[in-house]
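Visitor: Dropping in query.cif, which is mmCIF, N, CA and C atoms:
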data_protein
loop_
_atom_site.label_atom_id
_atom_site.label_comp_id
_atom_site.auth_asym_id
_atom_site.auth_seq_id
_atom_site.Cartn_x
_atom_site.Cartn_y
_atom_site.Cartn_z
N MET A 13 57.99 155.74 63.08
CA MET A 13 57.95 154.34 62.70
C MET A 13 58.73 153.52 63.74
N ARG A 14 58.12 152.49 64.25
CA ARG A 14 58.75 151.63 65.25
C ARG A 14 59.85 150.79 64.62
N ALA A 15 60.74 150.26 65.46
CA ALA A 15 61.87 149.45 64.98
C ALA A 15 61.38 148.20 64.26
N ALA A 16 60.32 147.59 64.76
CA ALA A 16 59.79 146.38 64.13
C ALA A 16 59.28 146.68 62.72
N GLU A 17 58.66 147.83 62.54
CA GLU A 17 58.15 148.19 61.22
C GLU A 17 59.30 148.49 60.26
N ARG A 18 60.35 149.15 60.75
CA ARG A 18 61.51 149.42 59.90
C ARG A 18 62.19 148.12 59.49
N THR A 19 62.30 147.18 60.42
CA THR A 19 62.93 145.89 60.11
C THR A 19 62.10 145.13 59.10
N ALA A 20 60.79 145.11 59.27
CA ALA A 20 59.93 144.40 58.32
C ALA A 20 60.00 145.02 56.94
N ALA A 21 60.18 146.33 56.87
CA ALA A 21 60.27 146.99 55.57
C ALA A 21 61.57 146.62 54.86
N ARG A 22 62.65 146.40 55.62
CA ARG A 22 63.93 146.06 55.00
C ARG A 22 64.05 144.59 54.65
N ARG A 23 63.39 143.72 55.41
CA ARG A 23 63.49 142.29 55.18
C ARG A 23 62.13 141.74 54.76
N PRO A 24 61.96 141.48 53.49
CA PRO A 24 60.69 140.89 53.09
C PRO A 24 60.56 139.49 53.70
N PRO A 25 59.37 139.10 54.08
CA PRO A 25 59.19 137.82 54.77
C PRO A 25 59.33 136.60 53.88
N GLY A 26 59.59 136.77 52.60
CA GLY A 26 59.67 135.64 51.68
C GLY A 26 60.72 134.62 52.06
N THR A 27 61.92 135.06 52.41
CA THR A 27 62.99 134.12 52.77
C THR A 27 62.63 133.38 54.04
N PHE A 28 62.16 134.11 55.02
CA PHE A 28 61.80 133.51 56.30
C PHE A 28 60.68 132.48 56.14
N LEU A 29 59.60 132.89 55.50
CA LEU A 29 58.46 131.99 55.31
C LEU A 29 58.81 130.84 54.37
N GLY A 30 59.61 131.13 53.35
CA GLY A 30 60.01 130.07 52.42
C GLY A 30 60.83 129.00 53.10
N CYS A 31 61.78 129.41 53.94
CA CYS A 31 62.61 128.43 54.65
C CYS A 31 61.78 127.59 55.62
N PHE A 32 60.91 128.25 56.38
CA PHE A 32 60.06 127.50 57.30
C PHE A 32 59.13 126.55 56.54
N SER A 33 58.58 126.99 55.43
CA SER A 33 57.68 126.14 54.64
C SER A 33 58.42 124.94 54.07
N LEU A 34 59.64 125.17 53.58
CA LEU A 34 60.42 124.07 53.04
C LEU A 34 60.77 123.05 54.11
N VAL A 35 61.16 123.53 55.28
CA VAL A 35 61.46 122.61 56.39
C VAL A 35 60.23 121.80 56.75
N LEU A 36 59.08 122.44 56.82
CA LEU A 36 57.84 121.73 57.16
C LEU A 36 57.49 120.69 56.10
N ALA A 37 57.59 121.06 54.83
CA ALA A 37 57.26 120.13 53.75
C ALA A 37 58.22 118.94 53.72
N VAL A 38 59.49 119.20 53.91
CA VAL A 38 60.47 118.12 53.86
C VAL A 38 60.31 117.20 55.08
N ARG A 39 59.97 117.76 56.21
CA ARG A 39 59.72 116.90 57.39
C ARG A 39 58.49 116.02 57.17
N ALA A 40 57.50 116.54 56.49
CA ALA A 40 56.31 115.73 56.19
C ALA A 40 56.68 114.58 55.26
N VAL A 41 57.56 114.83 54.31
CA VAL A 41 58.02 113.77 53.40
C VAL A 41 58.88 112.77 54.16
N MET A 42 59.64 113.24 55.12
CA MET A 42 60.53 112.37 55.89
C MET A 42 59.78 111.23 56.58
N VAL A 43 58.56 111.50 56.98
CA VAL A 43 57.75 110.49 57.67
C VAL A 43 57.48 109.30 56.76
N LEU A 44 57.39 109.55 55.48
CA LEU A 44 57.01 108.49 54.54
C LEU A 44 58.19 107.70 53.99
N LEU A 45 59.41 108.14 54.25
CA LEU A 45 60.57 107.51 53.65
C LEU A 45 61.10 106.36 54.48
N PRO A 46 61.30 105.20 53.86
CA PRO A 46 61.95 104.09 54.58
C PRO A 46 63.45 104.12 54.32
N GLY A 47 64.21 103.63 55.25
CA GLY A 47 65.64 103.47 55.04
C GLY A 47 66.46 104.66 55.52
N LEU A 48 67.75 104.38 55.67
CA LEU A 48 68.67 105.37 56.22
C LEU A 48 69.11 106.40 55.19
N VAL A 49 69.43 105.97 53.99
CA VAL A 49 69.96 106.88 52.98
C VAL A 49 68.96 107.99 52.63
N PRO A 50 67.69 107.67 52.36
CA PRO A 50 66.74 108.77 52.11
C PRO A 50 66.58 109.72 53.30
N MET A 51 66.64 109.17 54.50
CA MET A 51 66.52 110.01 55.69
C MET A 51 67.70 110.96 55.81
N VAL A 52 68.90 110.49 55.50
CA VAL A 52 70.08 111.35 55.57
C VAL A 52 69.98 112.45 54.52
N LEU A 53 69.53 112.11 53.32
CA LEU A 53 69.36 113.12 52.27
C LEU A 53 68.33 114.16 52.65
N VAL A 54 67.23 113.72 53.23
CA VAL A 54 66.19 114.65 53.66
C VAL A 54 66.70 115.53 54.80
N ALA A 55 67.44 114.95 55.72
CA ALA A 55 68.01 115.74 56.81
C ALA A 55 68.98 116.79 56.27
N PHE A 56 69.71 116.46 55.21
CA PHE A 56 70.61 117.43 54.58
C PHE A 56 69.83 118.59 53.99
N VAL A 57 68.71 118.30 53.32
CA VAL A 57 67.87 119.35 52.74
C VAL A 57 67.28 120.22 53.86
N ILE A 58 66.88 119.60 54.96
CA ILE A 58 66.37 120.38 56.09
C ILE A 58 67.44 121.32 56.62
N GLY A 59 68.68 120.83 56.70
CA GLY A 59 69.78 121.68 57.15
C GLY A 59 70.01 122.87 56.23
N LEU A 60 69.94 122.62 54.92
CA LEU A 60 70.09 123.72 53.96
C LEU A 60 68.96 124.74 54.08
N ALA A 61 67.76 124.24 54.27
CA ALA A 61 66.60 125.14 54.35
C ALA A 61 66.58 125.93 55.65
N SER A 62 67.06 125.34 56.73
CA SER A 62 67.01 126.05 58.01
C SER A 62 68.24 126.91 58.26
N GLY A 63 69.25 126.81 57.40
CA GLY A 63 70.47 127.59 57.56
C GLY A 63 70.25 129.10 57.61
N PRO A 64 69.46 129.67 56.72
CA PRO A 64 69.27 131.13 56.73
C PRO A 64 68.41 131.64 57.89
N LEU A 65 67.75 130.77 58.61
CA LEU A 65 66.81 131.22 59.63
C LEU A 65 67.50 131.91 60.81
N ASN A 66 68.55 131.31 61.35
CA ASN A 66 69.19 131.90 62.53
C ASN A 66 69.76 133.29 62.26
N PRO A 67 70.47 133.53 61.15
CA PRO A 67 70.93 134.90 60.92
C PRO A 67 69.78 135.90 60.77
N LEU A 68 68.70 135.49 60.13
CA LEU A 68 67.55 136.38 59.99
C LEU A 68 66.93 136.71 61.34
N ILE A 69 66.75 135.69 62.16
CA ILE A 69 66.13 135.90 63.47
C ILE A 69 67.05 136.73 64.36
N THR A 70 68.34 136.42 64.35
CA THR A 70 69.29 137.14 65.18
C THR A 70 69.37 138.62 64.79
N ALA A 71 69.42 138.89 63.50
CA ALA A 71 69.46 140.28 63.05
C ALA A 71 68.19 141.03 63.43
N THR A 72 67.06 140.35 63.34
CA THR A 72 65.79 140.98 63.71
C THR A 72 65.75 141.30 65.21
N VAL A 73 66.19 140.35 66.04
CA VAL A 73 66.23 140.59 67.49
C VAL A 73 67.16 141.76 67.80
N GLN A 74 68.30 141.82 67.13
CA GLN A 74 69.24 142.89 67.40
C GLN A 74 68.67 144.26 67.02
N GLU A 75 67.93 144.32 65.93
CA GLU A 75 67.38 145.60 65.49
C GLU A 75 66.15 146.02 66.27
N VAL A 76 65.36 145.06 66.71
CA VAL A 76 64.09 145.39 67.35
C VAL A 76 64.25 145.62 68.85
N ALA A 77 65.10 144.84 69.50
CA ALA A 77 65.25 144.96 70.96
C ALA A 77 65.98 146.26 71.31
N PRO A 78 65.48 146.97 72.32
CA PRO A 78 66.20 148.16 72.78
C PRO A 78 67.59 147.77 73.30
N GLU A 79 68.52 148.69 73.18
CA GLU A 79 69.92 148.39 73.53
C GLU A 79 70.06 147.88 74.96
N GLN A 80 69.35 148.47 75.90
CA GLN A 80 69.48 148.06 77.30
C GLN A 80 68.86 146.69 77.58
N LEU A 81 68.00 146.20 76.69
CA LEU A 81 67.36 144.89 76.88
C LEU A 81 67.87 143.84 75.89
N ARG A 82 68.85 144.18 75.08
CA ARG A 82 69.31 143.27 74.03
C ARG A 82 69.89 141.98 74.60
N GLY A 83 70.63 142.07 75.69
CA GLY A 83 71.19 140.87 76.31
C GLY A 83 70.10 139.92 76.78
N ARG A 84 69.07 140.47 77.38
CA ARG A 84 67.95 139.63 77.82
C ARG A 84 67.22 139.01 76.64
N ALA A 85 67.07 139.80 75.57
CA ALA A 85 66.38 139.27 74.38
C ALA A 85 67.15 138.10 73.78
N PHE A 86 68.47 138.26 73.64
CA PHE A 86 69.27 137.16 73.09
C PHE A 86 69.32 135.97 74.05
N GLY A 87 69.37 136.23 75.34
CA GLY A 87 69.35 135.15 76.32
C GLY A 87 68.06 134.36 76.26
N THR A 88 66.94 135.06 76.16
CA THR A 88 65.65 134.39 76.07
C THR A 88 65.55 133.59 74.77
N PHE A 89 65.98 134.19 73.67
CA PHE A 89 65.95 133.51 72.38
C PHE A 89 66.79 132.24 72.41
N SER A 90 67.99 132.32 72.96
CA SER A 90 68.87 131.15 73.04
C SER A 90 68.30 130.08 73.96
N THR A 91 67.79 130.49 75.10
CA THR A 91 67.23 129.53 76.05
C THR A 91 66.05 128.78 75.45
N LEU A 92 65.15 129.51 74.81
CA LEU A 92 63.99 128.85 74.19
C LEU A 92 64.42 127.94 73.05
N GLY A 93 65.40 128.37 72.29
CA GLY A 93 65.89 127.52 71.20
C GLY A 93 66.50 126.23 71.70
N TYR A 94 67.33 126.33 72.73
CA TYR A 94 67.94 125.11 73.29
C TYR A 94 66.90 124.23 73.98
N ALA A 95 65.91 124.82 74.61
CA ALA A 95 64.88 124.03 75.28
C ALA A 95 63.98 123.33 74.27
N ALA A 96 63.75 123.95 73.13
CA ALA A 96 62.86 123.36 72.12
C ALA A 96 63.57 122.37 71.21
N ALA A 97 64.89 122.40 71.14
CA ALA A 97 65.64 121.55 70.22
C ALA A 97 65.33 120.06 70.36
N PRO A 98 65.23 119.51 71.57
CA PRO A 98 64.93 118.09 71.66
C PRO A 98 63.54 117.71 71.12
N PHE A 99 62.64 118.68 71.06
CA PHE A 99 61.29 118.39 70.60
C PHE A 99 61.11 118.64 69.10
N GLY A 100 62.10 119.24 68.45
CA GLY A 100 62.00 119.55 67.03
C GLY A 100 61.76 118.35 66.15
N PRO A 101 62.52 117.27 66.31
CA PRO A 101 62.30 116.12 65.43
C PRO A 101 61.12 115.23 65.83
N CYS A 102 60.49 115.52 66.95
CA CYS A 102 59.38 114.67 67.39
C CYS A 102 58.13 114.93 66.56
N PRO A 103 57.47 113.87 66.10
CA PRO A 103 56.21 114.07 65.38
C PRO A 103 55.11 114.47 66.37
N PRO A 104 54.12 115.22 65.93
CA PRO A 104 53.03 115.58 66.84
C PRO A 104 52.24 114.35 67.27
N ALA A 105 51.82 114.34 68.51
CA ALA A 105 51.03 113.22 69.00
C ALA A 105 49.60 113.31 68.49
N GLY A 106 49.02 112.19 68.24
CA GLY A 106 47.61 112.24 67.85
C GLY A 106 47.26 111.41 66.73
#
Take the structure in the file and give it back as structure tokens.
Guide:
Amino acid sequence: MRAAERTAARRPPGTFLGCFSLVLAVRAVMVLLPGLVPMVLVAFVIGLASGPLNPLITATVQEVAPEQLRGRAFGTFSTLGYAAAPFGPCPPAG
């Protein structure tokens, strides 16, 4: 059994998918809200929903990446995360 299969067996995808789904749904609601106070409340809910994601992703990378490539895996993960952060709050064009 590969490391990815062992990790998937230990961590059901419900938490991961649930958090991503909640963030997506709340961001969709955020577009419709006028005013600062509702936006701050929605941003707080997004923060709560996205909180469990980083530990889940980090643990998965640590378990799946071979020991000799783990530094590269974490470096790539961090670089992509920091590069994508400015585009996270942007609405899709179209």
Visitor: Would you compute the distance between atom CA of Ala71 of chain A and atom CA of Phe86 of chain A? Give it in Å to one decimal.
Guide: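 Between atom CA of Ala71 of chain A and atom CA of Phe86 of chain A the gap works out to 10.5 Å.
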Visitor: Give me the residues near segment 47-57 of chain A as a VMD selection string, where near means some atom within 7 Å (using only N, CA and C atoms) and where sequence neighbours in that chain fewer than 5 positions away do not count.
Guide: chain A and resid 35 38 42 62
Visitor: Which distance in Å separates atom CA of Leu36 of chain A and atom N of Gly59 of chain A, to one decimal?
Guide: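 About the pair atom CA of Leu36 of chain A and atom N of Gly59 of chain A: they are 10.9 Å apart.
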Visitor: Determine the residue membership of the PyMOL selection byres ((chain A and resi 28-32) around 8) for the file above and supply it as an MDAnalysis selection string.
Guide: chainID A and resid 23:27 33:38 60:65 68:69
Visitor: Please put the answer as lines of an AutoDock Vina configuration file: centre and edge lengths, in Å with one decimal, of a box along x, y and z that encloses all listed atoms of segment 54-72 of chain A plus 3 Å on each side.
Guide:
center_x = 68.3
center_y = 127.5
center_z = 59.0
size_x = 11.2
size_y = 33.6
size_z = 18.5
Visitor: Take atom CA of Ala40 of chain A and atom N of Ile58 of chain A and report the distance between them in Å, one decimal.
Guide: 11.3 Å
